[in-house]
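Okay, target.cif is below, mmCIF, C-alpha atoms:
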```cif
data_protein
#
loop_
_atom_site.label_atom_id
_atom_site.label_comp_id
_atom_site.auth_asym_id
_atom_site.auth_seq_id
_atom_site.Cartn_x
_atom_site.Cartn_y
_atom_site.Cartn_z
CA MET A 1 7.07 -42.76 -29.82
CA ALA A 2 4.54 -42.35 -26.99
CA ARG A 3 7.02 -40.35 -24.90
CA LYS A 4 7.85 -38.16 -27.90
CA LEU A 5 4.20 -37.37 -28.57
CA LEU A 6 3.63 -36.55 -24.92
CA LEU A 7 6.64 -34.20 -24.89
CA LEU A 8 5.49 -32.65 -28.17
CA ASN A 9 2.15 -31.96 -26.51
CA GLY A 10 3.95 -30.44 -23.53
CA LEU A 11 5.96 -28.17 -25.83
CA ALA A 12 2.72 -27.21 -27.58
CA VAL A 13 1.19 -26.19 -24.22
CA LEU A 14 4.19 -23.92 -23.59
CA GLY A 15 3.82 -22.60 -27.13
CA VAL A 16 0.11 -21.86 -26.92
CA ALA A 17 0.61 -19.75 -23.78
CA LEU A 18 3.46 -17.93 -25.55
CA ASN A 19 1.35 -17.39 -28.65
CA HIS A 20 -1.50 -15.69 -26.81
CA ALA A 21 0.95 -13.69 -24.71
CA THR A 22 2.37 -12.24 -27.94
CA GLY A 23 -1.20 -11.35 -29.00
CA TRP A 24 -1.53 -9.17 -25.89
CA GLY A 25 2.00 -7.93 -26.57
CA PHE A 26 0.89 -6.57 -29.95
CA THR A 27 -2.19 -5.02 -28.30
CA ALA A 28 0.03 -3.27 -25.76
CA LEU A 29 2.50 -2.20 -28.43
CA ILE A 30 0.00 -0.70 -30.88
CA TRP A 31 -3.48 -0.22 -29.38
CA TRP A 32 -2.51 0.64 -25.80
CA ALA A 33 0.64 2.64 -26.63
CA ASN A 34 -1.02 5.86 -25.38
CA ARG A 35 -1.05 4.44 -21.86
CA TYR A 36 2.73 4.66 -21.58
CA LEU A 37 3.75 7.00 -24.46
CA ALA A 38 2.52 10.38 -25.64
CA VAL A 39 1.12 9.01 -28.93
CA ALA A 40 -2.25 8.57 -30.62
CA VAL A 41 -3.51 5.00 -30.98
CA PRO A 42 -3.44 2.75 -32.83
CA ASP A 43 0.26 3.52 -33.14
CA PHE A 44 1.22 1.60 -36.29
CA ALA A 45 4.64 3.30 -36.23
CA GLN A 46 5.58 0.48 -33.82
CA ILE A 47 5.50 -2.01 -36.72
CA GLY A 48 9.05 -2.84 -37.73
CA THR A 49 10.59 -1.88 -34.37
CA PRO A 50 12.81 -4.44 -32.59
CA THR A 51 9.99 -5.12 -30.10
CA TYR A 52 7.53 -5.83 -32.93
CA LEU A 53 10.01 -8.10 -34.71
CA THR A 54 10.78 -10.01 -31.50
CA LEU A 55 7.06 -10.64 -30.94
CA ARG A 56 6.72 -11.80 -34.56
CA VAL A 57 9.67 -14.20 -34.17
CA ILE A 58 8.03 -15.73 -31.07
CA GLU A 59 4.67 -15.97 -32.85
CA GLN A 60 6.34 -17.74 -35.78
CA LEU A 61 8.35 -20.09 -33.54
CA VAL A 62 5.20 -21.43 -31.88
CA ALA A 63 3.18 -21.92 -35.07
CA PHE A 64 3.49 -25.70 -34.47
CA THR A 65 1.17 -25.77 -31.43
CA VAL A 66 -2.37 -26.42 -32.74
CA PRO A 67 -1.07 -28.75 -35.51
CA SER A 68 0.72 -30.75 -32.80
CA PHE A 69 -2.41 -31.03 -30.64
CA LEU A 70 -4.43 -32.21 -33.63
CA LEU A 71 -1.77 -34.68 -34.77
CA VAL A 72 -1.66 -36.27 -31.29
CA SER A 73 -5.49 -36.48 -31.25
CA GLY A 74 -5.56 -38.12 -34.69
CA PHE A 75 -2.80 -40.54 -33.68
CA PHE A 76 -4.71 -41.54 -30.55
CA ILE A 77 -8.08 -42.12 -32.19
CA ALA A 78 -6.42 -44.32 -34.84
CA LEU A 79 -4.49 -46.18 -32.15
CA VAL A 80 -7.53 -47.05 -30.05
CA ALA A 81 -9.95 -47.64 -32.92
CA GLY A 82 -9.30 -51.35 -32.62
CA PRO A 83 -9.77 -54.02 -35.25
CA ASP A 84 -13.37 -52.97 -35.92
CA ALA A 85 -12.81 -49.37 -36.95
CA ARG A 86 -16.52 -48.75 -37.49
CA THR A 87 -17.84 -49.54 -34.00
CA GLY A 88 -14.55 -49.20 -32.07
CA SER A 89 -13.70 -45.70 -33.21
CA TRP A 90 -17.31 -44.52 -32.85
CA ALA A 91 -17.40 -45.63 -29.23
CA VAL A 92 -14.06 -43.96 -28.51
CA ALA A 93 -14.97 -40.82 -30.43
CA ARG A 94 -18.25 -40.48 -28.51
CA SER A 95 -16.44 -40.93 -25.23
CA ARG A 96 -13.77 -38.36 -26.17
CA MET A 97 -16.39 -35.87 -27.30
CA ALA A 98 -18.21 -36.17 -23.97
CA VAL A 99 -14.94 -35.56 -22.07
CA LEU A 100 -14.23 -32.46 -24.18
CA VAL A 101 -17.72 -30.96 -24.10
CA VAL A 102 -18.39 -30.77 -20.36
CA PRO A 103 -15.35 -28.62 -19.33
CA TYR A 104 -15.74 -26.54 -22.49
CA VAL A 105 -19.37 -25.68 -21.67
CA ILE A 106 -18.58 -24.96 -18.01
CA TRP A 107 -15.69 -22.57 -18.75
CA SER A 108 -17.47 -20.94 -21.70
CA LEU A 109 -20.47 -20.16 -19.50
CA ALA A 110 -18.19 -18.90 -16.72
CA ILE A 111 -16.42 -16.53 -19.13
CA LEU A 112 -19.69 -15.32 -20.64
CA ALA A 113 -21.04 -14.66 -17.12
CA LEU A 114 -17.91 -12.62 -16.27
CA ARG A 115 -18.27 -10.62 -19.48
CA HIS A 116 -21.93 -10.00 -18.62
CA LEU A 117 -20.88 -8.68 -15.18
CA ASP A 118 -18.46 -6.43 -17.08
CA GLY A 119 -21.39 -4.92 -18.97
CA GLN A 120 -21.71 -7.06 -22.10
CA PRO A 121 -25.26 -8.05 -23.03
CA LEU A 122 -26.14 -11.73 -22.64
CA THR A 123 -28.80 -13.26 -24.87
CA ALA A 124 -29.84 -16.85 -25.45
CA GLU A 125 -28.84 -16.48 -29.09
CA GLY A 126 -25.42 -15.09 -28.14
CA VAL A 127 -24.76 -17.89 -25.64
CA THR A 128 -25.80 -20.55 -28.16
CA ALA A 129 -23.54 -19.07 -30.85
CA ALA A 130 -20.65 -18.75 -28.38
CA LEU A 131 -20.97 -22.43 -27.44
CA ALA A 132 -21.49 -23.67 -30.99
CA PHE A 133 -18.61 -21.73 -32.55
CA GLY A 134 -16.17 -21.34 -29.64
CA ARG A 135 -16.61 -17.60 -29.25
CA ALA A 136 -16.41 -17.32 -25.45
CA ALA A 137 -12.62 -16.86 -25.71
CA ALA A 138 -10.36 -16.55 -28.75
CA PRO A 139 -8.73 -20.02 -28.58
CA PHE A 140 -12.02 -21.83 -27.86
CA TYR A 141 -12.66 -22.32 -31.60
CA TYR A 142 -10.42 -25.36 -31.17
CA VAL A 143 -13.04 -27.38 -29.26
CA PRO A 144 -15.87 -27.28 -31.86
CA LEU A 145 -13.17 -27.96 -34.47
CA LEU A 146 -11.91 -31.03 -32.62
CA LEU A 147 -15.45 -32.28 -32.00
CA GLN A 148 -16.10 -32.21 -35.75
CA LEU A 149 -12.87 -34.10 -36.42
CA TYR A 150 -13.77 -36.76 -33.83
CA ALA A 151 -17.20 -37.08 -35.46
CA LEU A 152 -15.47 -37.65 -38.81
CA ALA A 153 -12.84 -39.96 -37.31
CA PRO A 154 -14.52 -43.34 -37.97
CA MET A 155 -14.84 -42.52 -41.68
CA LEU A 156 -11.33 -41.04 -41.87
CA ILE A 157 -9.77 -44.06 -40.13
CA ARG A 158 -11.51 -46.56 -42.38
CA THR A 159 -10.60 -44.65 -45.53
CA ALA A 160 -7.01 -44.01 -44.48
CA ARG A 161 -6.47 -47.74 -43.92
CA VAL A 162 -6.97 -48.46 -47.60
CA ARG A 163 -6.26 -45.10 -49.28
CA ALA A 164 -3.88 -43.19 -47.04
CA GLY A 165 -2.42 -41.08 -49.83
CA ALA A 166 -5.82 -40.08 -51.19
CA VAL A 167 -7.29 -39.11 -47.83
CA LEU A 168 -4.13 -37.19 -46.89
CA ALA A 169 -4.11 -35.35 -50.24
CA THR A 170 -7.83 -34.51 -49.92
CA ALA A 171 -7.29 -33.17 -46.40
CA ALA A 172 -4.31 -31.10 -47.61
CA LEU A 173 -6.36 -29.67 -50.48
CA LEU A 174 -9.27 -28.78 -48.20
CA GLN A 175 -6.90 -27.03 -45.81
CA LEU A 176 -5.13 -25.22 -48.66
CA ALA A 177 -8.49 -24.05 -49.99
CA ALA A 178 -9.44 -22.70 -46.55
CA GLN A 179 -6.10 -20.89 -46.29
CA GLY A 180 -6.55 -19.57 -49.83
CA LEU A 181 -9.91 -18.07 -48.84
CA GLN A 182 -8.26 -16.44 -45.84
CA CYS A 183 -5.61 -14.93 -48.14
CA MET A 184 -8.30 -13.67 -50.53
CA ALA A 185 -10.18 -12.09 -47.62
CA ILE A 186 -7.02 -10.10 -46.91
CA LEU A 187 -5.78 -9.47 -50.44
CA GLY A 188 -8.99 -9.56 -52.47
CA GLY A 189 -9.77 -5.93 -51.85
CA SER A 190 -13.49 -6.61 -51.52
CA PRO A 191 -15.74 -7.15 -48.48
CA GLU A 192 -17.33 -9.98 -50.49
CA TRP A 193 -14.20 -12.10 -49.98
CA VAL A 194 -14.35 -11.51 -46.23
CA ARG A 195 -17.99 -12.61 -46.23
CA ILE A 196 -17.15 -15.75 -48.24
CA GLN A 197 -14.24 -16.59 -45.95
CA HIS A 198 -16.41 -16.16 -42.83
CA LEU A 199 -19.07 -18.34 -44.43
CA LEU A 200 -16.89 -21.16 -45.80
CA ALA A 201 -13.71 -21.21 -43.72
CA PRO A 202 -14.22 -19.89 -40.19
CA SER A 203 -11.53 -21.07 -37.77
CA TRP A 204 -13.91 -23.50 -35.98
CA PHE A 205 -14.77 -25.34 -39.23
CA PHE A 206 -12.89 -28.61 -39.75
CA PRO A 207 -11.39 -27.95 -43.25
CA THR A 208 -9.16 -25.20 -41.81
CA ARG A 209 -7.01 -27.77 -39.96
CA VAL A 210 -8.20 -31.22 -41.06
CA PHE A 211 -4.79 -32.14 -42.52
CA TRP A 212 -3.15 -32.38 -39.08
CA PHE A 213 -5.74 -34.76 -37.69
CA VAL A 214 -5.59 -36.98 -40.77
CA LEU A 215 -1.78 -36.89 -40.65
CA GLY A 216 -1.93 -38.18 -37.06
CA ILE A 217 -4.18 -41.05 -38.20
CA VAL A 218 -1.89 -41.96 -41.09
CA VAL A 219 1.28 -41.73 -38.97
CA CYS A 220 -0.29 -44.10 -36.42
CA GLN A 221 -1.46 -46.59 -39.04
CA ARG A 222 1.88 -46.59 -40.89
CA LEU A 223 4.29 -45.84 -38.07
CA ALA A 224 6.62 -48.69 -39.01
CA LEU A 225 7.13 -47.11 -42.45
CA ILE A 226 6.94 -43.41 -41.66
CA ARG A 227 9.17 -43.18 -38.59
CA PRO A 228 12.27 -44.78 -40.16
CA TRP A 229 11.76 -42.64 -43.28
CA VAL A 230 11.52 -39.44 -41.24
CA THR A 231 14.61 -40.48 -39.27
CA ARG A 232 16.58 -41.16 -42.48
CA THR A 233 15.61 -37.80 -43.97
CA ARG A 234 15.83 -35.77 -40.76
CA TRP A 235 18.56 -33.41 -41.97
CA TRP A 236 16.39 -32.45 -44.94
CA TRP A 237 13.55 -31.78 -42.55
CA LEU A 238 15.84 -29.61 -40.45
CA ALA A 239 16.89 -27.57 -43.50
CA ALA A 240 13.20 -27.18 -44.42
CA LEU A 241 12.43 -26.12 -40.85
CA VAL A 242 14.95 -23.26 -41.02
CA ALA A 243 13.75 -22.25 -44.49
CA SER A 244 10.05 -22.30 -43.57
CA PHE A 245 10.67 -20.40 -40.34
CA THR A 246 12.39 -17.54 -42.17
CA GLY A 247 9.93 -17.85 -45.06
CA GLY A 248 7.01 -17.54 -42.64
CA LEU A 249 8.42 -14.32 -41.20
CA TRP A 250 8.88 -12.90 -44.68
CA GLU A 251 5.46 -14.08 -45.88
CA TRP A 252 3.61 -12.36 -43.06
CA GLU A 253 5.20 -8.99 -43.76
CA ALA A 254 4.60 -9.47 -47.50
CA LEU A 255 0.91 -10.28 -46.84
CA ARG A 256 0.55 -7.24 -44.58
CA VAL A 257 2.12 -4.91 -47.17
CA ALA A 258 0.14 -6.45 -50.06
CA SER A 259 -3.14 -6.08 -48.12
CA GLY A 260 -2.72 -2.31 -48.05
CA GLU A 261 -3.77 -2.40 -44.39
CA PRO A 262 -1.49 -1.33 -41.55
CA TRP A 263 -2.45 -4.48 -39.60
CA ILE A 264 -3.90 -7.92 -40.37
CA GLY A 265 -5.25 -10.40 -37.86
CA TYR A 266 -3.22 -13.57 -37.34
CA PHE A 267 -4.07 -16.75 -39.21
CA ASP A 268 -2.16 -19.92 -40.14
CA THR A 269 -0.66 -19.47 -43.61
CA THR A 270 0.58 -22.20 -45.94
CA ILE A 271 4.20 -21.55 -44.99
CA ASP A 272 3.17 -21.76 -41.33
CA ALA A 273 1.76 -25.19 -42.14
CA VAL A 274 5.05 -26.23 -43.77
CA TYR A 275 6.92 -24.94 -40.72
CA ALA A 276 4.64 -26.93 -38.37
CA LEU A 277 5.10 -30.07 -40.48
CA THR A 278 8.89 -29.74 -40.48
CA PHE A 279 8.93 -29.01 -36.74
CA ILE A 280 6.94 -32.18 -36.00
CA ALA A 281 9.11 -34.22 -38.40
CA CYS A 282 12.30 -32.95 -36.72
CA PHE A 283 10.85 -33.77 -33.31
CA ILE A 284 10.17 -37.35 -34.43
CA GLY A 285 13.33 -37.74 -36.51
CA PHE A 286 15.92 -36.41 -34.05
CA ASP A 287 16.05 -38.51 -30.86
CA GLY A 288 18.27 -35.98 -29.10
CA PHE A 289 15.59 -33.32 -29.38
CA ALA A 290 13.13 -35.17 -27.14
CA ARG A 291 15.87 -36.64 -24.94
CA ALA A 292 17.03 -33.17 -23.95
CA LEU A 293 13.59 -32.22 -22.64
CA PRO A 294 12.65 -32.75 -18.98
CA GLU A 295 10.13 -35.46 -18.04
CA ARG A 296 8.00 -32.82 -16.33
CA LEU A 297 7.16 -31.47 -19.75
CA GLY A 298 5.28 -34.73 -20.32
CA VAL A 299 3.20 -34.09 -17.18
CA LEU A 300 2.43 -30.62 -18.53
CA GLY A 301 1.48 -32.25 -21.83
CA GLY A 302 -0.95 -34.46 -19.90
CA ALA A 303 -2.66 -31.37 -18.44
CA ALA A 304 -2.97 -29.74 -21.87
CA TYR A 305 -6.76 -29.44 -22.08
CA GLY A 306 -7.21 -27.77 -18.70
CA VAL A 307 -4.37 -25.32 -19.40
CA TYR A 308 -5.76 -24.65 -22.89
CA LEU A 309 -9.22 -23.75 -21.57
CA LEU A 310 -7.99 -21.57 -18.71
CA HIS A 311 -4.91 -19.79 -20.01
CA ALA A 312 -6.68 -17.33 -22.34
CA PRO A 313 -9.12 -15.78 -19.81
CA VAL A 314 -6.33 -15.63 -17.22
CA GLN A 315 -4.02 -13.83 -19.64
CA GLU A 316 -6.80 -11.46 -20.67
CA VAL A 317 -7.62 -10.51 -17.07
CA THR A 318 -3.90 -10.02 -16.34
CA ALA A 319 -3.27 -7.90 -19.44
CA ARG A 320 -6.30 -5.68 -18.73
CA ALA A 321 -5.33 -5.36 -15.05
CA VAL A 322 -1.80 -4.29 -16.04
CA ALA A 323 -3.22 -1.78 -18.56
CA THR A 324 -5.40 -0.27 -15.83
CA LEU A 325 -3.23 -0.49 -12.74
CA LEU A 326 0.36 -0.46 -14.00
CA PRO A 327 0.31 0.84 -17.60
CA ALA A 328 4.05 1.63 -17.59
CA LEU A 329 4.67 -2.14 -17.61
CA LEU A 330 3.05 -2.38 -21.06
CA GLY A 331 6.07 -0.55 -22.47
CA TRP A 332 8.42 -3.15 -20.98
CA GLN A 333 7.66 -6.21 -23.09
CA VAL A 334 10.72 -7.90 -21.62
CA LEU A 335 8.70 -8.02 -18.35
CA PHE A 336 5.13 -8.02 -19.73
CA GLN A 337 5.64 -11.12 -21.88
CA PRO A 338 7.15 -13.34 -19.14
CA LEU A 339 4.40 -12.16 -16.76
CA LEU A 340 1.65 -13.20 -19.19
CA TRP A 341 3.39 -16.48 -19.99
CA CYS A 342 3.88 -17.36 -16.33
CA VAL A 343 0.30 -16.56 -15.29
CA GLY A 344 -1.03 -18.26 -18.44
CA LEU A 345 0.63 -21.50 -17.36
CA GLY A 346 0.92 -21.08 -13.60
CA VAL A 347 -2.63 -20.05 -12.71
CA PRO A 348 -4.35 -22.90 -14.62
CA LEU A 349 -1.91 -25.44 -13.15
CA ALA A 350 -2.42 -24.00 -9.64
CA VAL A 351 -6.22 -24.12 -10.03
CA MET A 352 -6.01 -27.72 -11.27
CA ALA A 353 -3.75 -28.69 -8.35
CA ALA A 354 -6.05 -26.92 -5.85
CA VAL A 355 -9.11 -28.77 -7.17
CA GLN A 356 -7.20 -32.05 -7.01
CA ALA A 357 -6.21 -31.41 -3.39
CA SER A 358 -9.70 -30.38 -2.28
CA PRO A 359 -12.98 -32.25 -1.77
CA ALA A 360 -13.92 -30.96 -5.24
CA ARG A 361 -11.52 -33.47 -6.80
CA ARG A 362 -14.51 -35.52 -7.97
CA LEU A 363 -15.25 -32.64 -10.33
CA TYR A 364 -11.73 -32.63 -11.80
CA LYS A 365 -12.69 -34.48 -14.96
CA ALA A 366 -15.74 -32.28 -15.50
CA LEU A 367 -13.67 -29.12 -15.07
CA PHE A 368 -10.44 -30.00 -16.87
CA GLY A 369 -11.14 -33.11 -18.94
CA MET B 1 -0.98 -59.05 -9.12
CA GLN B 2 1.35 -56.39 -7.75
CA VAL B 3 1.70 -54.84 -11.22
CA SER B 4 -2.09 -54.68 -11.61
CA VAL B 5 -2.45 -52.89 -8.28
CA GLU B 6 0.28 -50.40 -9.15
CA ILE B 7 -1.23 -49.69 -12.55
CA THR B 8 -4.69 -49.22 -11.03
CA GLN B 9 -3.28 -46.82 -8.44
CA PHE B 10 -1.41 -44.82 -11.08
CA ILE B 11 -4.48 -44.51 -13.29
CA SER B 12 -6.77 -43.51 -10.41
CA SER B 13 -4.41 -41.10 -8.65
CA GLU B 14 -2.26 -39.62 -11.37
CA LEU B 15 -4.40 -39.82 -14.48
CA LEU B 16 -7.95 -39.50 -13.15
CA LYS B 17 -6.89 -37.40 -10.12
CA ASN B 18 -9.41 -39.41 -8.12
CA PRO B 19 -7.81 -42.02 -5.84
CA SER B 20 -11.22 -43.28 -4.71
CA ARG B 21 -12.18 -44.26 -8.28
CA THR B 22 -12.22 -48.05 -8.45
CA LEU B 23 -11.25 -49.82 -11.66
CA GLY B 24 -12.22 -53.38 -12.40
CA PRO B 25 -9.40 -55.53 -13.82
CA ASP B 26 -11.43 -56.13 -16.98
CA GLU B 27 -13.08 -52.72 -17.27
CA SER B 28 -12.60 -51.28 -20.76
CA LEU B 29 -10.40 -48.25 -20.10
CA ILE B 30 -10.57 -46.74 -23.56
CA GLN B 31 -14.25 -47.17 -24.35
CA ALA B 32 -15.23 -46.00 -20.84
CA GLY B 33 -13.26 -42.80 -21.41
CA VAL B 34 -10.80 -43.56 -18.60
CA LEU B 35 -7.88 -43.37 -21.02
CA ASP B 36 -7.87 -40.53 -23.54
CA SER B 37 -5.01 -39.61 -25.84
CA LEU B 38 -2.88 -37.85 -23.27
CA ARG B 39 -3.66 -40.23 -20.42
CA LEU B 40 -2.71 -43.18 -22.62
CA LEU B 41 0.57 -41.49 -23.57
CA ARG B 42 1.27 -40.65 -19.91
CA LEU B 43 0.51 -44.24 -18.91
CA ILE B 44 2.90 -45.64 -21.51
CA SER B 45 5.57 -43.14 -20.46
CA HIS B 46 5.06 -44.18 -16.82
CA LEU B 47 5.26 -47.90 -17.63
CA GLU B 48 8.52 -47.38 -19.53
CA LYS B 49 10.08 -45.43 -16.70
CA HIS B 50 8.69 -47.34 -13.70
CA TYR B 51 9.28 -50.86 -15.06
CA ASP B 52 12.32 -50.03 -17.17
CA ILE B 53 10.73 -51.37 -20.34
CA THR B 54 10.43 -49.97 -23.85
CA VAL B 55 7.09 -50.00 -25.62
CA GLU B 56 8.07 -50.49 -29.26
CA ASP B 57 6.13 -48.78 -32.03
CA GLU B 58 4.68 -52.10 -33.23
CA GLU B 59 3.47 -52.82 -29.67
CA LEU B 60 1.25 -49.72 -29.67
CA GLN B 61 -1.93 -51.77 -30.11
CA PRO B 62 -5.33 -51.02 -28.58
CA GLU B 63 -5.68 -54.59 -27.26
CA THR B 64 -2.60 -54.07 -25.10
CA PHE B 65 -4.11 -51.09 -23.29
CA GLU B 66 -7.73 -52.24 -23.22
CA THR B 67 -7.93 -53.15 -19.51
CA VAL B 68 -5.76 -53.12 -16.39
CA SER B 69 -5.33 -56.90 -16.81
CA THR B 70 -4.06 -56.65 -20.39
CA ILE B 71 -1.67 -53.85 -19.46
CA ALA B 72 -0.32 -55.83 -16.49
CA SER B 73 0.12 -58.94 -18.68
CA PHE B 74 1.99 -56.86 -21.24
CA VAL B 75 4.31 -55.38 -18.59
CA GLU B 76 4.98 -58.78 -17.05
CA SER B 77 5.76 -60.34 -20.44
CA LYS B 78 8.17 -57.51 -21.23
CA ARG B 79 9.90 -57.94 -17.88
CA ARG B 80 10.14 -61.72 -18.34
CA ALA B 81 11.61 -61.20 -21.81
CA ALA B 82 14.20 -58.88 -20.28
CA GLY B 83 15.00 -61.50 -17.59
CA ARG B 84 13.72 -59.41 -14.67
#
```
For the structure just supplied, provide its representation as structure tokens.
Amino acid sequence: MARKLLLLNGLAVLGVALNHATGWGFTALIWWANRYLAVAVPDFAQIGTPTYLTLRVIEQLVAFTVPSFLLVSGFFIALVAGPDARTGSWAVARSRMAVLVVPYVIWSLAILALRHLDGQPLTAEGVTAALAFGRAAAPFYYVPLLLQLYALAPMLIRTARVRAGAVLATAALLQLAAQGLQCMAILGGSPEWVRIQHLLAPSWFFPTRVFWFVLGIVVCQRLALIRPWVTRTRWWWLAALVASFTGGLWEWEALRVASGEPWIGYFDTTIDAVYALTFIACFIGFDGFARALPERLGVLGGAAYGVYLLHAPVQEVTARAVATLLPALLGWQVLFQPLLWCVGLGVPLAVMAAVQASPARRLYKALFG
Amino acid sequence: MQVSVEITQFISSELLKNPSRTLGPDESLIQAGVLDSLRLLRLISHLEKHYDITVEDEELQPETFETVSTIASFVESKRRAAGR
């Protein structure tokens, strides 16, 4: 099971770099189309083209990434909580939070400083909000979210030991409510819904993804029951995986059309959550799935936090550099996407290896966790 | 003893990326933050591969991975059970 979780984390690292590469792909396709075509932007006529659909398929395929990270984190905290869940898990949670916070603050401040050099104003209030809510880079919301979940972990672990079903159902309901608010912000037709969603269910707030963390805790505590059951029912999970993947593609287009807007910003929908659940279940239930993956993927999984923090700014700098220096490449997604994916993984790993090989290796933990 | 040394070296060099970091045999690896979720998973994966053992689901217990000594004892007991 440990090897499987490590490989799942490695796959999630690959997926997260792919996911943000597709984000820049959509930007190039619609908002930067005038840099390589004689069109006005935003060019929403690109929606529905083969390039758009390919990017959507990739985006849907990797919808398992953040749920996988959170499941592994929940599994771990339950595993190491020890017999005294109250003091044991608090000590571990505090230690984990310290390890997460230091690199997060360092890289957030570095990104904010770069943006300031690029002309963006820098205020004490702005820096505080960026650190508190993970606004320095788009994926940084994940760190405040995880810190909240670690803070809740001692209570979740204790409760899940005696009432696993109740705590799992509560977490699922909270997450469904958050996703419902997101849907209403898109479909409600009123700015009031957007305000309510921003107030009650911003991406950094724990209810938006609490189910995955709790699921990790419950899987760890009841592994002897859950793993054989998932293995026995694996073909059902596979059928559900295929159905939720296609359903997720359909749902997104239906949401976009129903919103009346030409474009809606990405968020995890309920069918995305079902897809992520079935993906994880298939990964656990089918031994051949993990066996076919190279061991090096586990090493990548082990470097997940450093790659997660660095990949987004690296991809952003690359995408903007391409848009400025080589705009024709934006029209060749077959080259643009692999470029973003490779730099999104390669540059963080190279930086981590360089720090490890230099006298600065003592700072490795502070920089990359 | 050899297993303890190897485990210490793996944790310092591969997991902490700091070969000069010394680990006491009874230092609490989890509570001190030496082993986090991914490092623990990488350690287990390494033990399985390097010592040709399988860590069963029911053996995933915090006590087993609390210190270098407890990990080494676990590995040695698994190897003895396998007749190695």
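Between CA of Trp236 in chain A and CA of Val162 in chain A the separation is 28.4 Å.
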Give me the residues within 8 Å of Gly369 in chain A as a VMD selection string, counting only C-alpha atoms and dropping any in the same chain fewer than 6 places off. chain A and resid 99 to 100 102 to 103 305 to 306
Explicit residues for the PyMOL selection byres ((chain A and resi 259) around 12) (as a PyMOL selection string): chain A and resi 182-190+251-258+260-265
Ground truth for the PyMOL selection byres ((chain A and resi 16) around 12), written as a PyMOL selection string: chain A and resi 9-15+17-23+58-69+138-139+142+301+304-305+307-312+315+340-341+344-345
At a cut-off of 8 Å, using all atoms listed in the file, what residues contact Leu71 in chain A? Leave out same-chain residues fewer than 3 positions from it and give the result as a list in words.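 So the residues in contact are Pro67, Ser68, Gly74, Phe75, Trp212, Phe213, Val214, Leu215, Gly216 and Ile217 of chain A.
In terms of minimum interatomic distance to chain A, B:Asn18 ranks closest within B:Ile71, B:Tyr51, B:Asn18, B:Ala82, counting all atoms listed in the file.
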What does the PyMOL selection byres ((chain B and resi 33) around 12) select in this file, as a PDB file with C-alpha atoms, in the coordinates of the input?
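Wrote part30.pdb, looks like this:
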```pdb
ATOM      1  CA  ILE A  77      -8.080 -42.120 -32.190  1.00  0.00           C
ATOM      2  CA  VAL A  80      -7.530 -47.050 -30.050  1.00  0.00           C
ATOM      3  CA  ALA A  91     -17.400 -45.630 -29.230  1.00  0.00           C
ATOM      4  CA  VAL A  92     -14.060 -43.960 -28.510  1.00  0.00           C
ATOM      5  CA  ALA A  93     -14.970 -40.820 -30.430  1.00  0.00           C
ATOM      6  CA  ARG A  94     -18.250 -40.480 -28.510  1.00  0.00           C
ATOM      7  CA  SER A  95     -16.440 -40.930 -25.230  1.00  0.00           C
ATOM      8  CA  ARG A  96     -13.770 -38.360 -26.170  1.00  0.00           C
ATOM      9  CA  MET A  97     -16.390 -35.870 -27.300  1.00  0.00           C
ATOM     10  CA  ALA A  98     -18.210 -36.170 -23.970  1.00  0.00           C
ATOM     11  CA  VAL A  99     -14.940 -35.560 -22.070  1.00  0.00           C
ATOM     12  CA  LEU A 100     -14.230 -32.460 -24.180  1.00  0.00           C
ATOM     13  CA  LYS A 365     -12.690 -34.480 -14.960  1.00  0.00           C
ATOM     14  CA  GLY A 369     -11.140 -33.110 -18.940  1.00  0.00           C
TER      15      GLY A 369
ATOM     16  CA  LEU B  15      -4.400 -39.820 -14.480  1.00  0.00           C
ATOM     17  CA  LEU B  16      -7.950 -39.500 -13.150  1.00  0.00           C
ATOM     18  CA  GLU B  27     -13.080 -52.720 -17.270  1.00  0.00           C
ATOM     19  CA  SER B  28     -12.600 -51.280 -20.760  1.00  0.00           C
ATOM     20  CA  LEU B  29     -10.400 -48.250 -20.100  1.00  0.00           C
ATOM     21  CA  ILE B  30     -10.570 -46.740 -23.560  1.00  0.00           C
ATOM     22  CA  GLN B  31     -14.250 -47.170 -24.350  1.00  0.00           C
ATOM     23  CA  ALA B  32     -15.230 -46.000 -20.840  1.00  0.00           C
ATOM     24  CA  VAL B  34     -10.800 -43.560 -18.600  1.00  0.00           C
ATOM     25  CA  LEU B  35      -7.880 -43.370 -21.020  1.00  0.00           C
ATOM     26  CA  ASP B  36      -7.870 -40.530 -23.540  1.00  0.00           C
ATOM     27  CA  SER B  37      -5.010 -39.610 -25.840  1.00  0.00           C
ATOM     28  CA  LEU B  38      -2.880 -37.850 -23.270  1.00  0.00           C
ATOM     29  CA  ARG B  39      -3.660 -40.230 -20.420  1.00  0.00           C
ATOM     30  CA  LEU B  40      -2.710 -43.180 -22.620  1.00  0.00           C
ATOM     31  CA  GLU B  66      -7.730 -52.240 -23.220  1.00  0.00           C
ATOM     32  CA  THR B  67      -7.930 -53.150 -19.510  1.00  0.00           C
TER      33      THR B  67
END
```
Given all atoms listed in the file as the counted atoms, nearest of B:Glu14, B:Glu76, B:Asp26, B:Asp52 to chain A: B:Glu14
Surrounding residues of Val3 in chain B excluding itself and chain neighbours under 5 positions, 10 Å, all atoms listed in the file, as a ChimeraX atom specification: /B:8-9,51,68-69,71-73,75-76
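Distances here use all atoms listed in the file; by that measure, the residue among A:Leu329, A:Ile196, A:Ala81, A:Ala137 closest to Val105 in chain A is A:Ala137.
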